[in-house]
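To start, the structure under review is shown below, and the notes come after it.
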Amino acid sequence: MNIQQNKNKKIGIINFFYSNSNYGAVLQAAALEKLIKSAGYEAEHINFVPQNNNIGFFKIICNLFVKFIHNEIGFQDIIKKIKTKKDKDEILIYKDTSNIFDSFRKKWITISDTAYNSSKDIAKKKLNYIAYVVGSDQVWRPSYGRNGKEVHFLNFANEKSLKIAYAASFGSDHWESINEKRFTENIKKLINRFDFISVRESSGVDICKAIFNVDAKHVLDPTLLIGRNFFDLIIENDKNKEVKPEIVYYLLDINPVFYNALTKYASKKRSTIKNIYYQSEIVKKNIVERSYYSVPSWLHHIRESELVITDSYHCVCISILFNKQFYCRYTESRGNERLLSLLRQLKLEDRFIKEDDILSVNNIFPEHQINYNAVSKRIEDLRKCSMSFLAKSLRSLE
């Protein structure tokens, strides 16, 4: 982007940069900030971290209540409806003990000095950013918003400031809060205040038009937009240079049948498999303590791998940037539209593993390679359109 230096015009970015377990969340945040700064602007992430400490306590109280009903009253049918698929009379609390995500943020993400925990907190402060950029990630998915849903629609921003949504995602092929009329109407008013709107999935374009009566541009996620060199640079900061080629899997949801199929495939290929979601896990009563790989190390394992198996959107993006052979596993609970939309764009739908294929190793892992010459050409064409949208949005500040 040929834009002159505008360091007196600071832009505020808002997304899920604060995650302590999601590599994609911090990597897309770093990528988007880098892209905006490369355009000649100062930028920082607004330190908005929704307050959810009380949610864990609430879950524990609910769990104790469920146990009481089960043991003392015996409403078996009620219990069956209340329990989730993963609930085994325990609420698991996941705890990161390594602080590796904080280390990454300190080096690669600029964060505002003032912190905010709720919509009220951020509304009280008169922020002086000349523009706001919302995205990327599932910032417009109501079920992911917790008590900060409307913040990601810039309910706190004044009328004069420029409002941009870059690759915002609804996380689904439909508006999840369609039955919440008052909330939906409020979001419609807020989204109509945006000056430029782009979304990460093709279905997001449809949602914007059908539900909110606004036009949106379909663009690439910041990780794909910024390109491979940025992530190679991050890897150079990895202290562990000894990473051997092997089959790696980054699965947010995994079941024994699928894992056994993966193990059999690795044995067939005479290769080893490595879990790159976390390094180790210790369970103490209902608290699960996980030690995660550093972000550079996570990237490094993907770059040097033989094959990547994942159900993560951003792991797919990184695998594509490193030209890796990969397969993406279908997960109903997390939604698949964001993955399907990307794979369709790049004509890689055959890399999607359906759940009904898990009984056959041959169906899961067909022996054909991705033609990355064709994929790279498609990404380059999409990159031009996406960069054009971002440049045009920022130029309106001139």
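Chain labels A, B, ... are given in the sequence in which chains occur in the structure tokens; within each chain residues are numbered consecutively from 1, and ligands are likewise numbered from 1 in the order shown.
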Near Thr272 (chain A), counting only C-alpha atoms, which residues have an atom at most 9 Å away, once you skip same-chain residues fewer than 2 positions from it, shown as a PDB file with N, CA, C and O atoms, in the first residue's frame?
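Printed below is selection23.pdb as written:
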ATOM      1  N   PRO A 245      10.763 -34.074  10.985  1.00  0.00           N
ATOM      2  CA  PRO A 245       9.551 -34.277  10.183  1.00  0.00           C
ATOM      3  C   PRO A 245       8.724 -35.441  10.724  1.00  0.00           C
ATOM      4  O   PRO A 245       9.258 -36.511  11.010  1.00  0.00           O
ATOM      5  N   GLU A 246       7.444 -35.232  10.923  1.00  0.00           N
ATOM      6  CA  GLU A 246       6.543 -36.281  11.377  1.00  0.00           C
ATOM      7  C   GLU A 246       5.105 -35.854  11.107  1.00  0.00           C
ATOM      8  O   GLU A 246       4.842 -34.737  10.676  1.00  0.00           O
ATOM      9  N   ILE A 247       4.180 -36.756  11.327  1.00  0.00           N
ATOM     10  CA  ILE A 247       2.768 -36.417  11.206  1.00  0.00           C
ATOM     11  C   ILE A 247       2.368 -35.676  12.471  1.00  0.00           C
ATOM     12  O   ILE A 247       2.557 -36.184  13.578  1.00  0.00           O
ATOM     13  N   VAL A 248       1.836 -34.470  12.312  1.00  0.00           N
ATOM     14  CA  VAL A 248       1.414 -33.697  13.479  1.00  0.00           C
ATOM     15  C   VAL A 248      -0.096 -33.523  13.438  1.00  0.00           C
ATOM     16  O   VAL A 248      -0.696 -33.439  12.365  1.00  0.00           O
ATOM     17  N   THR A 263      -3.319 -43.401  14.206  1.00  0.00           N
ATOM     18  CA  THR A 263      -2.176 -44.206  14.639  1.00  0.00           C
ATOM     19  C   THR A 263      -1.868 -45.307  13.639  1.00  0.00           C
ATOM     20  O   THR A 263      -0.702 -45.582  13.312  1.00  0.00           O
ATOM     21  N   ALA A 266      -0.181 -43.790  10.604  1.00  0.00           N
ATOM     22  CA  ALA A 266       1.223 -43.472  10.877  1.00  0.00           C
ATOM     23  C   ALA A 266       2.084 -44.724  10.837  1.00  0.00           C
ATOM     24  O   ALA A 266       3.196 -44.712  10.311  1.00  0.00           O
ATOM     25  N   SER A 267       1.544 -45.808  11.388  1.00  0.00           N
ATOM     26  CA  SER A 267       2.270 -47.078  11.382  1.00  0.00           C
ATOM     27  C   SER A 267       2.463 -47.575   9.957  1.00  0.00           C
ATOM     28  O   SER A 267       3.538 -48.062   9.582  1.00  0.00           O
ATOM     29  N   LYS A 269       2.656 -45.783   7.310  1.00  0.00           N
ATOM     30  CA  LYS A 269       3.625 -44.924   6.637  1.00  0.00           C
ATOM     31  C   LYS A 269       4.996 -44.972   7.300  1.00  0.00           C
ATOM     32  O   LYS A 269       5.931 -44.303   6.861  1.00  0.00           O
ATOM     33  N   ARG A 270       5.096 -45.761   8.400  1.00  0.00           N
ATOM     34  CA  ARG A 270       6.347 -45.870   9.167  1.00  0.00           C
ATOM     35  C   ARG A 270       6.818 -44.493   9.628  1.00  0.00           C
ATOM     36  O   ARG A 270       7.991 -44.132   9.519  1.00  0.00           O
ATOM     37  N   LYS A 274       2.661 -36.622  16.390  1.00  0.00           N
ATOM     38  CA  LYS A 274       2.850 -35.715  17.530  1.00  0.00           C
ATOM     39  C   LYS A 274       1.637 -34.824  17.695  1.00  0.00           C
ATOM     40  O   LYS A 274       1.136 -34.246  16.719  1.00  0.00           O
TER      41      LYS A 274
END
Within 8 Å of Phe156 (chain A), counting only C-alpha atoms, which residues show up once you throw out same-chain ones fewer than 3 positions away? Write them as a list in words, please.
-> Ser119, Ile122, Ala123 and Val151 of chain A
Output N, CA and C atoms of each residue in that selection to a file, as a tab-separated table (two decimals), in the first residue's frame.
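Written output follows (part11.tsv):
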chain	number	residue	atom	x	y	z
A	119	SER	N	-18.60	-4.00	28.67
A	119	SER	CA	-19.11	-2.95	27.79
A	119	SER	C	-19.18	-1.62	28.52
A	122	ILE	N	-15.63	0.08	28.88
A	122	ILE	CA	-15.08	0.68	27.66
A	122	ILE	C	-15.92	1.87	27.20
A	123	ALA	N	-17.20	1.87	27.54
A	123	ALA	CA	-18.08	2.99	27.16
A	123	ALA	C	-17.77	4.24	27.98
A	151	VAL	N	-19.58	-4.88	22.06
A	151	VAL	CA	-18.31	-4.18	21.94
A	151	VAL	C	-17.68	-4.46	20.58
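Distances here use only C-alpha atoms; by that measure, the residue among A:Lys124, A:Lys10, A:Arg141, A:Lys244 closest to Ile178 (chain A) is A:Arg141.
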If you run DSSP over the backbone, which residues in region 141-313 of chain A end up strand (DSSP E or B)? Put them as a PyMOL selection string.
-> chain A and resi 162-168+196-199+217-218+247-250+273-275+280-284+287-291+307-310
For region 389-396 of chain A, please output as a PyMOL selection string all residues within 10 Å (counting only C-alpha atoms; exclusion window: fewer than 6 positions along the same chain).
-> chain A and resi 1-4+11+35-36+39-41+131+133+162-166+195-198+217-219+383
Which residue of A:Ala43, A:Ile273, A:Ile100, A:Val316 approaches Ser112 (chain A) most closely, using only C-alpha atoms | A:Ala43
Return the single residue from A:Ser118, A:Ser297, A:Gln345, A:Asn371 that is closest to Asn237 (chain A), with distances computed using only C-alpha atoms.
->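 Of all the options, A:Ser297 lies closest to Asn237 (chain A).
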Counting only C-alpha atoms, the residue among A:Thr110, A:Ala25, A:Ala210, A:Val243 that lies closest to Gly135 (chain A) is A:Ala25
How far is it from CA of Ile130 (chain A) to CA of Arg105 (chain A), in Å with one decimal?
->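 Between CA of Ile130 (chain A) and CA of Arg105 (chain A) the gap is 23.5 Å.
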